[in-house]
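Participant: Structure file my_file12.tsv (TSV, C-alpha atoms) right here:
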```
chain	number	residue	atom	x	y	z
L	1	MET	CA	113.00	119.55	130.07
L	2	THR	CA	109.83	118.65	131.96
L	3	LEU	CA	106.85	117.67	129.84
L	4	GLY	CA	103.36	118.77	130.75
L	5	PRO	CA	100.38	116.42	131.14
L	6	LEU	CA	99.39	114.20	128.25
L	7	ARG	CA	96.85	115.90	125.98
L	8	LEU	CA	94.44	114.08	123.68
L	9	ILE	CA	93.32	115.59	120.37
L	10	ILE	CA	90.40	113.69	118.84
L	11	PHE	CA	89.49	114.34	115.22
L	12	ASP	CA	86.30	113.73	113.33
L	13	VAL	CA	87.10	112.45	109.83
L	14	ASP	CA	84.55	113.29	107.09
L	15	GLY	CA	84.22	117.05	106.72
L	16	THR	CA	87.11	117.71	109.11
L	17	LEU	CA	90.17	115.84	107.85
L	18	VAL	CA	88.97	114.68	104.42
L	19	ASP	CA	86.63	115.98	101.74
L	20	SER	CA	84.44	112.98	100.98
L	21	GLN	CA	81.38	114.97	99.91
L	22	ALA	CA	81.27	113.81	96.29
L	23	ASP	CA	81.46	110.13	97.18
L	24	ILE	CA	78.94	110.49	100.00
L	25	LEU	CA	76.41	112.09	97.67
L	26	ALA	CA	77.02	109.53	94.92
L	27	SER	CA	76.75	106.63	97.37
L	28	MET	CA	73.54	107.99	98.88
L	29	ALA	CA	72.07	108.25	95.38
L	30	ALA	CA	73.00	104.61	94.73
L	31	GLY	CA	71.62	103.46	98.07
L	32	PHE	CA	68.29	105.21	97.67
L	33	ALA	CA	67.99	103.94	94.11
L	34	ALA	CA	68.52	100.39	95.41
L	35	GLY	CA	65.74	100.95	97.92
L	36	GLY	CA	63.40	102.46	95.33
L	37	VAL	CA	63.12	105.65	97.39
L	38	PRO	CA	63.55	109.19	96.01
L	39	VAL	CA	67.01	110.59	96.71
L	40	PRO	CA	66.92	113.35	99.36
L	41	GLU	CA	68.08	116.85	98.60
L	42	ARG	CA	71.82	117.51	98.82
L	43	ALA	CA	71.43	119.74	101.88
L	44	ALA	CA	69.50	117.05	103.72
L	45	ILE	CA	72.18	114.44	102.98
L	46	LEU	CA	75.01	116.68	104.10
L	47	SER	CA	73.16	117.58	107.29
L	48	ILE	CA	73.41	114.00	108.59
L	49	VAL	CA	77.11	113.41	107.79
L	50	GLY	CA	78.75	112.29	111.01
L	51	MET	CA	75.87	110.15	112.19
L	52	SER	CA	76.08	106.38	111.77
L	53	LEU	CA	74.32	105.16	108.64
L	54	GLU	CA	71.85	103.09	110.65
L	55	LYS	CA	70.65	106.22	112.40
L	56	ALA	CA	71.00	108.63	109.47
L	57	ILE	CA	69.00	106.72	106.85
L	58	PRO	CA	65.74	106.67	108.88
L	59	VAL	CA	66.13	110.44	109.29
L	60	LEU	CA	66.40	110.85	105.52
L	61	ALA	CA	63.65	108.32	104.71
L	62	PRO	CA	61.23	108.48	107.65
L	63	ASP	CA	58.36	106.85	105.77
L	64	ALA	CA	60.31	103.83	104.53
L	65	THR	CA	60.23	100.49	106.33
L	66	ASP	CA	63.11	99.07	108.35
L	67	ALA	CA	63.70	96.57	105.55
L	68	ILE	CA	64.04	99.38	103.00
L	69	HIS	CA	66.35	101.28	105.35
L	70	ALA	CA	68.59	98.20	105.46
L	71	VAL	CA	68.64	97.99	101.64
L	72	ILE	CA	69.63	101.67	101.42
L	73	VAL	CA	72.40	101.21	103.97
L	74	ASP	CA	73.78	98.19	102.11
L	75	GLY	CA	73.52	100.01	98.78
L	76	TYR	CA	75.38	102.99	100.18
L	77	LYS	CA	78.16	100.84	101.61
L	78	SER	CA	78.60	98.90	98.37
L	79	ALA	CA	78.77	102.08	96.29
L	80	TYR	CA	81.19	103.78	98.68
L	81	GLN	CA	83.50	100.77	98.73
L	82	ARG	CA	83.46	100.62	94.94
L	83	LEU	CA	84.33	104.32	94.60
L	84	ARG	CA	87.10	103.98	97.17
L	85	ALA	CA	88.56	100.98	95.33
L	86	GLU	CA	88.44	102.87	92.03
L	87	LYS	CA	89.83	106.18	93.26
L	88	GLY	CA	92.08	105.33	96.21
L	89	ALA	CA	93.15	108.36	98.25
L	90	ALA	CA	91.47	110.63	95.69
L	91	SER	CA	88.14	109.31	96.97
L	92	SER	CA	88.60	111.35	100.16
L	93	PRO	CA	91.39	113.91	99.74
L	94	PHE	CA	92.75	115.84	102.70
L	95	TYR	CA	91.57	119.39	103.17
L	96	PRO	CA	94.36	121.99	102.82
L	97	GLY	CA	96.81	121.97	105.70
L	98	VAL	CA	95.62	118.71	107.22
L	99	ARG	CA	98.58	116.45	106.54
L	100	GLU	CA	101.21	118.93	107.72
L	101	THR	CA	99.17	119.74	110.83
L	102	LEU	CA	98.79	116.07	111.69
L	103	GLU	CA	102.52	115.48	111.23
L	104	HIS	CA	103.24	118.40	113.54
L	105	LEU	CA	100.91	117.04	116.23
L	106	PHE	CA	102.30	113.51	115.93
L	107	ASN	CA	105.72	114.93	116.80
L	108	VAL	CA	104.73	116.82	119.96
L	109	PRO	CA	105.74	114.48	122.82
L	110	GLU	CA	102.84	115.28	125.15
L	111	TYR	CA	100.18	115.09	122.42
L	112	LEU	CA	98.17	111.95	121.71
L	113	VAL	CA	96.14	112.04	118.50
L	114	GLY	CA	93.00	110.00	117.84
L	115	VAL	CA	89.86	109.85	115.73
L	116	ALA	CA	86.15	109.44	116.47
L	117	THR	CA	84.15	108.89	113.31
L	118	GLY	CA	80.80	107.77	112.01
L	119	LYS	CA	82.70	105.56	109.56
L	120	SER	CA	82.79	101.80	109.98
L	121	ARG	CA	85.96	100.02	111.05
L	122	ARG	CA	86.39	98.81	107.48
L	123	GLY	CA	85.89	102.29	106.07
L	124	LEU	CA	88.34	103.97	108.43
L	125	THR	CA	90.96	101.28	107.87
L	126	ALA	CA	90.72	101.72	104.10
L	127	LEU	CA	90.94	105.50	104.40
L	128	LEU	CA	93.99	105.42	106.67
L	129	ASP	CA	95.68	102.85	104.43
L	130	SER	CA	95.11	105.02	101.36
L	131	HIS	CA	96.70	108.04	103.04
L	132	GLY	CA	99.59	106.18	104.67
L	133	LEU	CA	98.32	106.86	108.20
L	134	THR	CA	97.84	103.31	109.43
L	135	GLY	CA	99.01	103.04	113.03
L	136	ARG	CA	99.53	106.78	113.50
L	137	PHE	CA	96.48	107.42	115.69
L	138	VAL	CA	96.64	106.13	119.25
L	139	THR	CA	92.88	105.61	119.52
L	140	GLU	CA	90.39	104.97	116.70
L	141	GLN	CA	86.71	105.05	117.61
L	142	VAL	CA	84.28	103.91	114.88
L	143	ALA	CA	80.56	103.47	114.41
L	144	ASP	CA	80.60	99.67	114.64
L	145	PHE	CA	81.14	99.64	118.39
L	146	HIS	CA	79.35	102.73	119.70
L	147	PRO	CA	76.01	104.52	119.61
L	148	SER	CA	75.88	107.20	116.92
L	149	LYS	CA	77.16	110.67	117.64
L	150	PRO	CA	76.27	112.80	119.59
L	151	HIS	CA	76.27	110.06	122.25
L	152	PRO	CA	79.58	110.52	124.13
L	153	ALA	CA	80.57	106.82	124.11
L	154	MET	CA	83.33	107.32	121.52
L	155	ILE	CA	85.04	110.00	123.57
L	156	HIS	CA	84.60	108.09	126.81
L	157	ALA	CA	86.33	105.13	125.15
L	158	ALA	CA	89.15	107.30	123.78
L	159	LEU	CA	89.76	108.80	127.23
L	160	ALA	CA	89.74	105.37	128.83
L	161	GLU	CA	92.16	103.93	126.24
L	162	THR	CA	94.65	106.77	126.62
L	163	GLY	CA	94.26	107.52	130.33
L	164	VAL	CA	93.77	111.22	129.62
L	165	ASP	CA	91.48	113.31	131.82
L	166	PRO	CA	88.60	115.16	130.08
L	167	GLN	CA	90.07	118.60	130.83
L	168	ASN	CA	93.16	117.57	128.85
L	169	ALA	CA	91.25	116.50	125.74
L	170	VAL	CA	89.61	118.29	122.82
L	171	MET	CA	87.36	117.23	119.96
L	172	VAL	CA	87.99	118.74	116.53
L	173	GLY	CA	84.99	118.50	114.23
L	174	ASP	CA	82.71	120.13	111.70
L	175	THR	CA	79.21	119.23	112.91
L	176	THR	CA	76.92	119.83	115.85
L	177	PHE	CA	77.08	116.06	116.43
L	178	ASP	CA	80.81	116.38	117.15
L	179	MET	CA	80.41	119.39	119.42
L	180	ASP	CA	77.46	117.94	121.35
L	181	MET	CA	79.32	114.66	121.80
L	182	ALA	CA	82.35	116.51	123.16
L	183	ARG	CA	80.33	118.64	125.56
L	184	ALA	CA	78.50	115.57	126.85
L	185	ALA	CA	81.89	113.99	127.60
L	186	GLY	CA	83.26	117.13	129.24
L	187	VAL	CA	86.04	117.81	126.73
L	188	GLY	CA	86.95	120.97	124.85
L	189	THR	CA	85.52	121.78	121.43
L	190	ILE	CA	87.25	123.06	118.32
L	191	GLY	CA	85.09	123.61	115.27
L	192	VAL	CA	86.20	123.92	111.64
L	193	SER	CA	84.62	126.24	109.12
L	194	TRP	CA	84.95	124.09	105.98
L	195	GLY	CA	82.74	121.12	106.87
L	196	TYR	CA	79.09	120.12	106.68
L	197	HIS	CA	77.53	122.37	109.33
L	198	SER	CA	77.92	126.13	109.34
L	199	PRO	CA	80.32	127.47	112.00
L	200	ASP	CA	77.64	129.56	113.68
L	201	ARG	CA	75.75	126.37	114.56
L	202	LEU	CA	78.68	124.72	116.30
L	203	GLY	CA	79.11	126.89	119.38
L	204	ALA	CA	82.69	125.67	119.67
L	205	ASP	CA	85.24	126.99	122.16
L	206	VAL	CA	87.39	127.89	119.16
L	207	THR	CA	86.57	127.82	115.43
L	208	LEU	CA	89.29	127.36	112.82
L	209	THR	CA	89.23	128.85	109.35
L	210	GLN	CA	92.29	126.81	108.34
L	211	MET	CA	93.69	123.62	109.83
L	212	THR	CA	97.19	125.04	110.20
L	213	ASP	CA	95.84	127.31	112.97
L	214	LEU	CA	95.12	124.28	115.17
L	215	PRO	CA	98.45	124.16	117.09
L	216	ALA	CA	98.00	127.77	118.20
L	217	ALA	CA	94.37	127.10	119.13
L	218	LEU	CA	95.42	124.19	121.32
L	219	LYS	CA	97.82	126.44	123.22
L	220	THR	CA	94.97	128.91	123.76
L	221	ILE	CA	92.77	126.19	125.24
L	222	TRP	CA	95.54	124.62	127.33
L	223	ARG	CA	97.17	127.71	128.80
L	224	ASP	CA	98.68	125.81	131.71
```
Show me this structure written as structure tokens.

Facilitator:
Amino acid sequence: MTLGPLRLIIFDVDGTLVDSQADILASMAAGFAAGGVPVPERAAILSIVGMSLEKAIPVLAPDATDAIHAVIVDGYKSAYQRLRAEKGAASSPFYPGVRETLEHLFNVPEYLVGVATGKSRRGLTALLDSHGLTGRFVTEQVADFHPSKPHPAMIHAALAETGVDPQNAVMVGDTTFDMDMARAAGVGTIGVSWGYHSPDRLGADVTLTQMTDLPAALKTIWRD
């Protein structure tokens, strides 16, 4: 049996693989309280999920000083780490169909599976540990080492690490930041309908209504 070219499937994390909404909202409330700034509306908070905190907080608190932004960021991180320590995997449960879909993809010989997330290295490591996925992704791009999405640096790095050409890669995500990042890097786009941005905003090549449809969607994109 002759295998086809290596294909790279890059996943966003929050809003795509895991439902971390409750902890994000609670941590934002704690961070803004620490900074003495009114907590933004829920819709505003969810609209920036996927961006790095250092870029997202000034969007949510444009009138605050850089020093206050830093306090909010630190307060958010402390609260999120505390919730994660208290709740473990329950802090960010998988959406339906995610684990079985990942296991399927991990077992396809020509598929490489990675992540590109606005989480920190520490945050992603803790999440993967809690779900028993440490070492399963071949490339892990995090906010510590790249400009915030939608800058394409994360995808460029993932392509370089795996040696996969852009036409053989796709980005799976729930926000316009994910889709814009993918398009800027020249890779395919698969949107999901259950995340933080409405599907009609994504303009993805394919939009999923359930994660278990992903394997079929990949075959549609990669017809060769």

Participant: Which residue out of L:Asp165, L:Leu53, L:Trp194, L:Thr212 has the minimum interatomic distance to Asp144 (chain L) when all atoms listed in the file are used?

Facilitator: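 The answer is L:Leu53, which sits nearest to Asp144 (chain L).
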
Participant: Mind dumping a table of every region 94-160 of chain L residue within 10 Å of region 65-83 of chain L, with the nearest atom pair and its distance in Å to one decimal, using all atoms listed in the file, sorted by chain and rising number, as a Markdown table?

Facilitator:
```
| residue | atom | partner | partner_atom | distance |
| --- | --- | --- | --- | --- |
| L:Ser120 | CA | L:Lys77 | CA | 9.6 |
| L:Arg122 | CA | L:Gln81 | CA | 9.4 |
| L:Gly123 | CA | L:Gln81 | CA | 7.9 |
| L:Ala126 | CA | L:Gln81 | CA | 9.0 |
```

Participant: Between L:Val192, L:Met51, L:Val59, L:Val98, single out the one closest to Pro147 (chain L), counting all atoms listed in the file.

Facilitator: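 Once distances to Pro147 (chain L) are computed over all atoms listed in the file, the minimum belongs to L:Met51.
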
Participant: Quick one: distance from CA of Phe32 (chain L) to CA of Ser91 (chain L) in Å, one decimal?

Facilitator: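 Interatomic distance, CA of Phe32 (chain L) to CA of Ser91 (chain L): 20.3 Å.
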
Participant: At a cut-off of 10 Å, can you tabulate as JSON lines every residue of region 74-181 of chain L near region 44-49 of chain L together with its closest atom pair and the distance in Å to one decimal, using all atoms listed in the file and ordering rows by chain then number?

Facilitator:
```
{"residue": "L:Gly118", "atom": "CA", "partner": "L:Val49", "partner_atom": "CA", "distance": 8.0}
{"residue": "L:Lys119", "atom": "CA", "partner": "L:Val49", "partner_atom": "CA", "distance": 9.8}
{"residue": "L:Asp174", "atom": "CA", "partner": "L:Val49", "partner_atom": "CA", "distance": 9.6}
{"residue": "L:Thr175", "atom": "CA", "partner": "L:Val49", "partner_atom": "CA", "distance": 8.0}
{"residue": "L:Thr176", "atom": "CA", "partner": "L:Ser47", "partner_atom": "CA", "distance": 9.6}
{"residue": "L:Phe177", "atom": "CA", "partner": "L:Ile48", "partner_atom": "CA", "distance": 8.9}
```

Participant: L:Gly50, L:Gly15, L:Gly135, L:Pro215: which is nearest His104 (chain L), counting only C-alpha atoms?

Facilitator: L:Pro215

Participant: Considering only C-alpha atoms, can you say which of L:Ser130, L:Gln210, L:Gln167, L:Ser198 comes closest to Ala43 (chain L)?

Facilitator: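 Residue with the minimum atom-to-atom distance to Ala43 (chain L): L:Ser198.
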
Participant: With a distance cut-off of 6 Å and only C-alpha atoms, select the neighbouring residues of region 150-159 of chain L, excluding the residue or stretch itself and same-chain residues fewer than 3 positions from it, and output the selection as a ChimeraX atom specification.

Facilitator: /L:139,141,162-164,177,180-181,184-185

Participant: Using only C-alpha atoms, which protein or nucleic acid residues come within 12 Å of Gly188 (chain L)? Drop anything in the same chain fewer than 6 positions from it, and give the result as a ChimeraX atom specification.

Facilitator: /L:7-11,155,165-173,178-182,203-207,217-218,220-222

Participant: In terms of the shortest atom-to-atom distance over only C-alpha atoms, which of L:Ser92, L:Thr117, L:Ser20, L:Ser52 is closest to Gly195 (chain L)?

Facilitator: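 So, comparing all the options, the nearest one is L:Ser20.
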
Participant: How many Å separate CA of Arg201 (chain L) from CA of Val187 (chain L)?

Facilitator: 18.1 Å

Participant: When distances are computed from all atoms listed in the file, which of L:His131, L:Lys55, L:Arg223, L:Arg183 shows the smallest separation from Gly88 (chain L)?

Facilitator: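 The shortest atom-to-atom distance to Gly88 (chain L) comes from L:His131.
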
Participant: Separation of CA of Ala61 (chain L) and CA of Ala30 (chain L), in Å?

Facilitator: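 Pair CA of Ala61 (chain L) / CA of Ala30 (chain L) returns 14.2 Å.
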